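Structure first, then comments.
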Amino acid sequence: MERGADVLLSDGTAVHLRPIRPEDAPAIVDFHSRMSDRTRYLRYFSPYPRIPERDLHRFVNVDHHDREAFVTLSGDRITSVGRYERLGPDSPEAEVAFVVEDALQGRGIGSVLLEHLADAARRNGITRFVAEVLPENNGMLRVFGDTGYQVQRRYADGVVHLSFPIEPTEKSREVQESREHLTEARSIARLLAPRGIAVYGASATGHGIGALMLGNLRDGGYTGELVPVHPTADRVAGLRAYRSASDAGVPIDLALIAVPADRVREAGRDAARAGAGGGVVVSAGFAETGPAGAVQQRELVEAARAAGLRVIGPSSFGVANTDPGVRLNATISPRLPMAGRVGFFSQSGALGVALLAEADRRGLGLSSFVSAGNRADVSGNDLLQYWQDDPGTDVVLLYLETFGNPRKFARLARRISRVKPVVAVASATRPPGLSGDSPSPDANAVTALFARSGVIRVDTVQELFDVGMLLAHQPLPAGRRVAVVGNSSALAELAVVACRAAGLVVAPGYPRDTGPEAGAHALADALADAAVDQGVDALVVVFAPPVPGRHADEDADFAAALASVALAGEKPTVATMVFGQAPPRVPAYPSVEEAVRALSRVVGYADWLRRPPGVLPVLSGVDPEAAEAAVTAESPTGLLAAYGIPVVPSLPAGDADEAVAAAAELGYPVAIKAAGGALRHRIDLGAVRLAVAGEQGVREAYAELAARFGPEVLVQTMVAPGVACTVEIVEDPAFGPVVGFGLGGVASELLGDLGWRAAPLTDRAAEALVGEPRAAPLLHGYRGSTPVDRAALIDLLLRVGRLADEQPRVRSLTLNPVLARPDGWSVLHATVEFGDPGARPDTGPRRLRSV
């Protein structure tokens, strides 16, 4: 908390929250003077007209351990104070209280303060808050009552006494995420449906980006107020210009800023004085130019948030909203995109014009469009929050270059994808594994990780539109059975091959070829039959040019035949037409392969929707305090034990006598292994001796291993044999911590035969992960072997997933081998790499992404 946090209030306004400082004393006095008599009485239970010097000193000087206080600021003005004070040395309880400026009460500041105070208190060993509230203080009672904590109330001596544990609960997290969703959605709604826009940088001559965008706003039919701000001109683009946005005397929600980089902050301050909620910064010259520009960009966002503004950009291409009640074209595109029900987010400003043009060419109507540019503040996550409840948006398309908050993206995507499909272009390239030989998910695994979050990941912008067109205009398929219908046997056969390669099932009785001589009527009959066939879930339609000599008007007849089925809304239909023009709103593709690929992406999404989401089960035997101590001591075995994952005991030995002593300590029989990381457990290379009994046996085994692999060995307690498995944790740049599972052995390692899931794992995710590797049949009784205890393996993965989620200092973990047996499992070796906790921005109290 040294740097504080930017947070959003319930109306979407940004404020800055930080620990109180001794130098805040004058600001605290000023804050106190602005309180109404009623607010002072409700906080201090007395009139308390002024703060005595002794109280003021105590208020602003805290030790940040037993006593903590946070303030929120609007500019340089303190607008609220929240504090806790421990009830006695080493007490697990602390009294909490806060007070909010009258003008800002009811906007969610109290709940934000309470989240941050509880987080700080937990870090300092406090487990419970108590508070005393006057019965008439309904607002404060509501703040405590709506937290999701188990609040106990007691009335005595004219005061309501409250007490509640502050450890996060499922309910408190649900409340926090719900508030986060509402505040972030509202902050974006104000920018996409502004009542008024202040435009900075529009020249009186009509030249430049600012003038272009002002003209596009005006000519696009924007329904709100347009306020050009110009230092000297009285009129710009035929509109009256003002020296300051506030001079116009109209509500301003959005600033469109296209001035040189060194003047952007001043424009933002002027917009904030007029009451704006955010700005679209088209100006370049920030992080894209190098370190100095990055510093300037960070200062811009910090200043904007301090003034209560959200920032889209810098280097943004602009924003658009096709709602007839708004008609916002704050872009450099000369005309508003075609209206539709697709929300489109692009991180790239440079691609903005091309993306809008391609959407228009394909007839893909948009509800709204946002180009984030440098994505200094507003990101794709913010737009996901907004589009989730936007009644005008049914499909979300994302063009992503990087992930600012990957864990949050995965969480939001899992939620919104349950109600609206999300399609994303995102890089599948991965850095090397974070620990020596530990693998990272490859491109295919990354695609699968997206799919398990409900996101349809595509590789190219072209495919983004391919899938978007299908989702925008067609229903979701009920299954994977496809009917291939057309007038060309060659194209139909290509479609069949493409379907099978994509994991789709060609329905019995198909492909159905009407022949090149068939007319539109015959084709319409074949399509209608497929549309009502109970064994068909989707249609792939292929048209080749009909035989020569037919009338040109028949092109329209074929298109009408296709439209009669494709637009009926019963089963998704994709088409490849080698001749003619496809009907509007029918997803048509240049090649059969592209059509089938788009369909397969949507089929995969529909499959995901039909699967229940799963739950995070309660795990017995998890000791958070022991886990914290083990992480502090960087003890792998201690950490695993704290999560109920014992490791079979082993001892190192450097000579025969040490090996004998180790065996005696562990108890016979023992296993003796070469200690080299690449050799350990390699029975196939002769690096392991099993079931060694007696001193002589140990000496003989040691001599053999030392002669071949060196003097260092590992002596380990013998356990029953089983199927060798491996469990991994790595930090993925798109998903945060992910859990990998596969079967052991050189062949599996060579082929990278691991499945992956983002942490933490639900019960269904863990169950699916056990069955994902291609070698998984070895766990189920392959060729007469006894099946292993799958429930025990699932429980192990759940524990590893929880460890990955809760311990950010664990940068990687490998359990290899894990011997899976009918009676459970044994972990023979564990490697844990500890390090800096890194950024886990989707944990803890609400805050905007750091800049």
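In the structure tokens, chains take the letters A, B, ... in the order shown, each chain's residues start at 1, and ligands count up from 1 in the order shown.
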
- Item | Selection: 10 Å around Leu523 in chain A, only C-alpha atoms, excl. self and same-chain fewer than 5 positions, as an NGL selection string | :A and (485-487 or 512-515 or 518 or 528-529 or 541 or 543 or 557-558 or 561-562)

Once you have the residues from the selection above, write them out as an mmCIF file, in the first residue's frame, restricted to all heavy atoms.
```
data_model
loop_
_atom_site.group_PDB
_atom_site.id
_atom_site.type_symbol
_atom_site.label_atom_id
_atom_site.label_comp_id
_atom_site.auth_asym_id
_atom_site.auth_seq_id
_atom_site.Cartn_x
_atom_site.Cartn_y
_atom_site.Cartn_z
ATOM 1 N N VAL A 485 -24.116 -30.044 -47.681
ATOM 2 C CA VAL A 485 -25.061 -30.030 -48.791
ATOM 3 C C VAL A 485 -24.519 -29.100 -49.862
ATOM 4 O O VAL A 485 -24.022 -28.009 -49.554
ATOM 5 C CB VAL A 485 -26.453 -29.552 -48.338
ATOM 6 C CG1 VAL A 485 -27.419 -29.530 -49.519
ATOM 7 C CG2 VAL A 485 -26.989 -30.434 -47.222
ATOM 8 N N GLY A 486 -24.624 -29.508 -51.137
ATOM 9 C CA GLY A 486 -24.175 -28.632 -52.200
ATOM 10 C C GLY A 486 -24.394 -29.239 -53.563
ATOM 11 O O GLY A 486 -24.997 -30.307 -53.710
ATOM 12 N N ASN A 487 -23.881 -28.540 -54.556
ATOM 13 C CA ASN A 487 -24.054 -28.997 -55.936
ATOM 14 C C ASN A 487 -22.737 -29.404 -56.580
ATOM 15 O O ASN A 487 -22.643 -29.507 -57.792
ATOM 16 C CB ASN A 487 -24.733 -27.903 -56.773
ATOM 17 C CG ASN A 487 -23.835 -26.669 -56.926
ATOM 18 O OD1 ASN A 487 -22.821 -26.529 -56.250
ATOM 19 N ND2 ASN A 487 -24.225 -25.787 -57.838
ATOM 20 N N ARG A 512 -24.613 -34.552 -49.147
ATOM 21 C CA ARG A 512 -25.703 -34.686 -50.088
ATOM 22 C C ARG A 512 -25.416 -33.776 -51.285
ATOM 23 O O ARG A 512 -25.364 -32.547 -51.143
ATOM 24 C CB ARG A 512 -27.026 -34.314 -49.438
ATOM 25 C CG ARG A 512 -28.236 -34.639 -50.290
ATOM 26 C CD ARG A 512 -29.493 -34.588 -49.472
ATOM 27 N NE ARG A 512 -29.469 -35.602 -48.406
ATOM 28 C CZ ARG A 512 -30.397 -35.691 -47.446
ATOM 29 N NH1 ARG A 512 -31.397 -34.831 -47.429
ATOM 30 N NH2 ARG A 512 -30.309 -36.626 -46.522
ATOM 31 N N ASP A 513 -25.214 -34.384 -52.432
ATOM 32 C CA ASP A 513 -24.827 -33.661 -53.643
ATOM 33 C C ASP A 513 -26.010 -33.635 -54.598
ATOM 34 O O ASP A 513 -26.478 -34.676 -55.067
ATOM 35 C CB ASP A 513 -23.619 -34.349 -54.280
ATOM 36 C CG ASP A 513 -23.191 -33.695 -55.581
ATOM 37 O OD1 ASP A 513 -23.606 -32.541 -55.829
ATOM 38 O OD2 ASP A 513 -22.445 -34.342 -56.338
ATOM 39 N N THR A 514 -26.507 -32.438 -54.907
ATOM 40 C CA THR A 514 -27.631 -32.327 -55.837
ATOM 41 C C THR A 514 -27.190 -32.392 -57.286
ATOM 42 O O THR A 514 -28.034 -32.521 -58.190
ATOM 43 C CB THR A 514 -28.381 -31.001 -55.609
ATOM 44 O OG1 THR A 514 -27.489 -29.906 -55.876
ATOM 45 C CG2 THR A 514 -28.887 -30.899 -54.187
ATOM 46 N N GLY A 515 -25.864 -32.292 -57.518
ATOM 47 C CA GLY A 515 -25.353 -32.348 -58.880
ATOM 48 C C GLY A 515 -25.297 -30.985 -59.514
ATOM 49 O O GLY A 515 -26.075 -30.084 -59.179
ATOM 50 N N ALA A 518 -28.552 -29.423 -61.134
ATOM 51 C CA ALA A 518 -29.740 -29.149 -60.327
ATOM 52 C C ALA A 518 -29.982 -27.641 -60.245
ATOM 53 O O ALA A 518 -29.056 -26.837 -60.159
ATOM 54 C CB ALA A 518 -29.569 -29.725 -58.923
ATOM 55 N N ALA A 528 -33.671 -27.696 -47.025
ATOM 56 C CA ALA A 528 -34.799 -27.775 -46.099
ATOM 57 C C ALA A 528 -34.836 -29.126 -45.395
ATOM 58 O O ALA A 528 -35.126 -29.218 -44.196
ATOM 59 C CB ALA A 528 -36.105 -27.529 -46.856
ATOM 60 N N ASP A 529 -34.525 -30.201 -46.134
ATOM 61 C CA ASP A 529 -34.482 -31.526 -45.513
ATOM 62 C C ASP A 529 -33.407 -31.589 -44.428
ATOM 63 O O ASP A 529 -33.627 -32.154 -43.344
ATOM 64 C CB ASP A 529 -34.201 -32.591 -46.580
ATOM 65 C CG ASP A 529 -35.384 -32.792 -47.526
ATOM 66 O OD1 ASP A 529 -36.497 -32.359 -47.175
ATOM 67 O OD2 ASP A 529 -35.168 -33.368 -48.611
ATOM 68 N N VAL A 541 -22.832 -25.482 -46.460
ATOM 69 C CA VAL A 541 -23.402 -25.423 -47.804
ATOM 70 C C VAL A 541 -22.318 -25.007 -48.787
ATOM 71 O O VAL A 541 -21.603 -24.025 -48.548
ATOM 72 C CB VAL A 541 -24.575 -24.425 -47.854
ATOM 73 C CG1 VAL A 541 -25.223 -24.430 -49.237
ATOM 74 C CG2 VAL A 541 -25.598 -24.766 -46.775
ATOM 75 N N PHE A 543 -21.569 -24.154 -52.922
ATOM 76 C CA PHE A 543 -22.132 -23.870 -54.248
ATOM 77 C C PHE A 543 -21.006 -23.704 -55.244
ATOM 78 O O PHE A 543 -20.086 -22.910 -55.022
ATOM 79 C CB PHE A 543 -22.928 -22.554 -54.234
ATOM 80 C CG PHE A 543 -24.244 -22.638 -53.518
ATOM 81 C CD1 PHE A 543 -24.948 -21.481 -53.231
ATOM 82 C CD2 PHE A 543 -24.792 -23.844 -53.144
ATOM 83 C CE1 PHE A 543 -26.155 -21.532 -52.576
ATOM 84 C CE2 PHE A 543 -26.009 -23.908 -52.490
ATOM 85 C CZ PHE A 543 -26.694 -22.748 -52.198
ATOM 86 N N ASP A 557 -31.772 -16.861 -57.438
ATOM 87 C CA ASP A 557 -32.586 -17.963 -56.939
ATOM 88 C C ASP A 557 -31.794 -18.847 -55.979
ATOM 89 O O ASP A 557 -32.316 -19.294 -54.950
ATOM 90 C CB ASP A 557 -33.093 -18.803 -58.111
ATOM 91 C CG ASP A 557 -34.056 -18.029 -59.010
ATOM 92 O OD1 ASP A 557 -34.658 -17.065 -58.514
ATOM 93 O OD2 ASP A 557 -34.176 -18.403 -60.193
ATOM 94 N N PHE A 558 -30.520 -19.111 -56.325
ATOM 95 C CA PHE A 558 -29.682 -19.901 -55.421
ATOM 96 C C PHE A 558 -29.476 -19.163 -54.094
ATOM 97 O O PHE A 558 -29.509 -19.771 -53.022
ATOM 98 C CB PHE A 558 -28.334 -20.196 -56.086
ATOM 99 C CG PHE A 558 -28.369 -21.343 -57.045
ATOM 100 C CD1 PHE A 558 -28.460 -21.135 -58.415
ATOM 101 C CD2 PHE A 558 -28.326 -22.646 -56.569
ATOM 102 C CE1 PHE A 558 -28.488 -22.199 -59.296
ATOM 103 C CE2 PHE A 558 -28.354 -23.723 -57.452
ATOM 104 C CZ PHE A 558 -28.449 -23.496 -58.822
ATOM 105 N N ALA A 561 -32.550 -19.484 -52.039
ATOM 106 C CA ALA A 561 -32.655 -20.820 -51.451
ATOM 107 C C ALA A 561 -31.805 -20.932 -50.196
ATOM 108 O O ALA A 561 -32.225 -21.507 -49.179
ATOM 109 C CB ALA A 561 -32.234 -21.866 -52.487
ATOM 110 N N LEU A 562 -30.601 -20.385 -50.256
ATOM 111 C CA LEU A 562 -29.716 -20.410 -49.088
ATOM 112 C C LEU A 562 -30.304 -19.570 -47.960
ATOM 113 O O LEU A 562 -30.320 -19.987 -46.799
ATOM 114 C CB LEU A 562 -28.338 -19.897 -49.483
ATOM 115 C CG LEU A 562 -27.320 -19.717 -48.352
ATOM 116 C CD1 LEU A 562 -27.066 -21.037 -47.636
ATOM 117 C CD2 LEU A 562 -26.012 -19.150 -48.900
#
```

- Could you write out, as a ChimeraX atom specification, all the residues of range 267-307 of chain A that DSSP marks as strand (DSSP E or B)? /A:278-281

- Nearest-residue call for Thr831 in chain A, choices A:Gly722, A:Gly742, A:Leu383, A:Thr637, using only C-alpha atoms: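 Distance minimum relative to Thr831 in chain A lands on A:Thr637.
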
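With only C-alpha atoms as the atoms that count, the residue of A:Arg846, A:Arg43, A:Arg783, A:Arg757 with the shortest distance to Ile109 in chain A is A:Arg846.
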
Please report as a Markdown table every residue of range 484-577 of chain A lying within 10 Å of range 469-475 of chain A, along with the nearest atom pair and their distance in Å (one decimal), using only C-alpha atoms.
```
| residue | atom | partner | partner_atom | distance |
| --- | --- | --- | --- | --- |
| A:Ala538 | CA | A:Pro475 | CA | 9.5 |
| A:Ala566 | CA | A:Gln474 | CA | 7.6 |
| A:Leu567 | CA | A:Gln474 | CA | 7.5 |
| A:Ala568 | CA | A:Gln474 | CA | 9.0 |
| A:Gly569 | CA | A:Pro475 | CA | 6.0 |
| A:Glu570 | CA | A:Pro475 | CA | 6.8 |
| A:Lys571 | CA | A:Pro475 | CA | 6.1 |
| A:Pro572 | CA | A:Gln474 | CA | 5.1 |
| A:Thr573 | CA | A:Gln474 | CA | 7.0 |
| A:Val574 | CA | A:Leu470 | CA | 7.5 |
```

- Task: Please provide the set of residues having any atom within 8 Å of Gly744 in chain A, restricted to only C-alpha atoms, with same-chain residues fewer than 4 positions apart removed, written as a ChimeraX atom specification.
- Result: /A:723-726,748-749,816-817

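Proximity ranking of A:Asp382, A:Glu101, A:Asp76, A:Asp657 relative to Ala306 in chain A places A:Asp76 first, based on only C-alpha atoms.
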
- For Ala255 in chain A, which of A:Pro231, A:Gly313, A:Gly220, A:Pro52 is the closest residue, counting only C-alpha atoms?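 Nearest to Ala255 in chain A: A:Gly313.
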
- What is the distance between CA of Ile126 in chain A and CA of Gly148 in chain A, in Å to one decimal?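 About the pair CA of Ile126 in chain A and CA of Gly148 in chain A: they are 18.1 Å apart.
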
- Spatial neighbours of range 320-330 of chain A, 7 Å, only C-alpha atoms, chain gap at least 6 places, as an MDAnalysis selection string: chainID A and resid 192:193 213 216:217 220:223 336:337 339 366:370

Only N, CA, C and O atoms, please: the residues just picked out, written as an mmCIF file, in the first residue's frame.
```cif
data_model
loop_
_atom_site.group_PDB
_atom_site.id
_atom_site.type_symbol
_atom_site.label_atom_id
_atom_site.label_comp_id
_atom_site.auth_asym_id
_atom_site.auth_seq_id
_atom_site.Cartn_x
_atom_site.Cartn_y
_atom_site.Cartn_z
ATOM 1 N N LEU A 192 -19.108 6.058 -23.365
ATOM 2 C CA LEU A 192 -19.693 5.621 -24.628
ATOM 3 C C LEU A 192 -21.069 6.221 -24.888
ATOM 4 O O LEU A 192 -21.579 6.117 -26.007
ATOM 5 N N ALA A 193 -21.667 6.820 -23.882
ATOM 6 C CA ALA A 193 -22.955 7.496 -24.079
ATOM 7 C C ALA A 193 -22.902 8.851 -23.382
ATOM 8 O O ALA A 193 -23.703 9.139 -22.489
ATOM 9 N N MET A 213 -11.814 14.719 -36.345
ATOM 10 C CA MET A 213 -12.693 13.975 -35.449
ATOM 11 C C MET A 213 -13.881 14.812 -35.014
ATOM 12 O O MET A 213 -14.992 14.292 -34.850
ATOM 13 N N ASN A 216 -16.264 14.552 -37.805
ATOM 14 C CA ASN A 216 -16.929 13.249 -37.824
ATOM 15 C C ASN A 216 -18.019 13.155 -36.766
ATOM 16 O O ASN A 216 -19.080 12.551 -36.995
ATOM 17 N N LEU A 217 -17.770 13.740 -35.603
ATOM 18 C CA LEU A 217 -18.796 13.767 -34.560
ATOM 19 C C LEU A 217 -20.017 14.559 -35.014
ATOM 20 O O LEU A 217 -21.157 14.114 -34.877
ATOM 21 N N GLY A 220 -21.711 12.863 -38.064
ATOM 22 C CA GLY A 220 -22.271 11.547 -37.752
ATOM 23 C C GLY A 220 -23.591 11.616 -37.034
ATOM 24 O O GLY A 220 -24.197 10.577 -36.745
ATOM 25 N N GLY A 221 -24.024 12.829 -36.680
ATOM 26 C CA GLY A 221 -25.324 12.983 -36.041
ATOM 27 C C GLY A 221 -25.299 12.799 -34.537
ATOM 28 O O GLY A 221 -26.318 12.424 -33.943
ATOM 29 N N TYR A 222 -24.132 13.052 -33.902
ATOM 30 C CA TYR A 222 -24.051 12.909 -32.446
ATOM 31 C C TYR A 222 -25.179 13.699 -31.783
ATOM 32 O O TYR A 222 -25.409 14.873 -32.098
ATOM 33 N N THR A 223 -25.882 13.071 -30.847
ATOM 34 C CA THR A 223 -27.091 13.654 -30.269
ATOM 35 C C THR A 223 -26.838 14.528 -29.052
ATOM 36 O O THR A 223 -27.766 15.199 -28.588
ATOM 37 N N LEU A 336 -19.871 6.631 -39.314
ATOM 38 C CA LEU A 336 -20.189 5.754 -38.203
ATOM 39 C C LEU A 336 -20.300 4.318 -38.689
ATOM 40 O O LEU A 336 -20.844 4.069 -39.772
ATOM 41 N N PRO A 337 -19.771 3.337 -37.931
ATOM 42 C CA PRO A 337 -19.911 1.937 -38.362
ATOM 43 C C PRO A 337 -21.376 1.542 -38.513
ATOM 44 O O PRO A 337 -22.274 2.156 -37.926
ATOM 45 N N ALA A 339 -24.718 -0.141 -37.814
ATOM 46 C CA ALA A 339 -25.296 -0.512 -36.526
ATOM 47 C C ALA A 339 -25.521 -2.015 -36.456
ATOM 48 O O ALA A 339 -25.911 -2.655 -37.439
ATOM 49 N N LEU A 366 -21.932 -3.179 -35.683
ATOM 50 C CA LEU A 366 -21.344 -2.996 -34.363
ATOM 51 C C LEU A 366 -22.284 -2.213 -33.459
ATOM 52 O O LEU A 366 -22.986 -1.305 -33.912
ATOM 53 N N SER A 367 -22.280 -2.568 -32.193
ATOM 54 C CA SER A 367 -22.985 -1.766 -31.188
ATOM 55 C C SER A 367 -22.086 -0.648 -30.693
ATOM 56 O O SER A 367 -22.516 0.498 -30.543
ATOM 57 N N SER A 368 -20.821 -0.975 -30.445
ATOM 58 C CA SER A 368 -19.849 0.022 -29.998
ATOM 59 C C SER A 368 -18.459 -0.463 -30.334
ATOM 60 O O SER A 368 -18.226 -1.661 -30.541
ATOM 61 N N PHE A 369 -17.539 0.490 -30.372
ATOM 62 C CA PHE A 369 -16.158 0.205 -30.761
ATOM 63 C C PHE A 369 -15.237 1.054 -29.902
ATOM 64 O O PHE A 369 -15.502 2.237 -29.677
ATOM 65 N N VAL A 370 -14.164 0.441 -29.417
ATOM 66 C CA VAL A 370 -13.175 1.169 -28.612
ATOM 67 C C VAL A 370 -11.785 0.778 -29.071
ATOM 68 O O VAL A 370 -11.449 -0.411 -29.133
#
```

- Message: Quick check, in Å to one decimal: how far apart do CA of Asp270 in chain A and CA of Ala304 in chain A lie?
- Response: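 Computing the Euclidean distance for CA of Asp270 in chain A and CA of Ala304 in chain A yields 10.7 Å.
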
- Shell around Ala691 in chain A at 7 Å using only C-alpha atoms, local window under 6 positions removed, as a list of chain:residue names: A:Pro669, A:Val670, A:Ala671, A:Met718
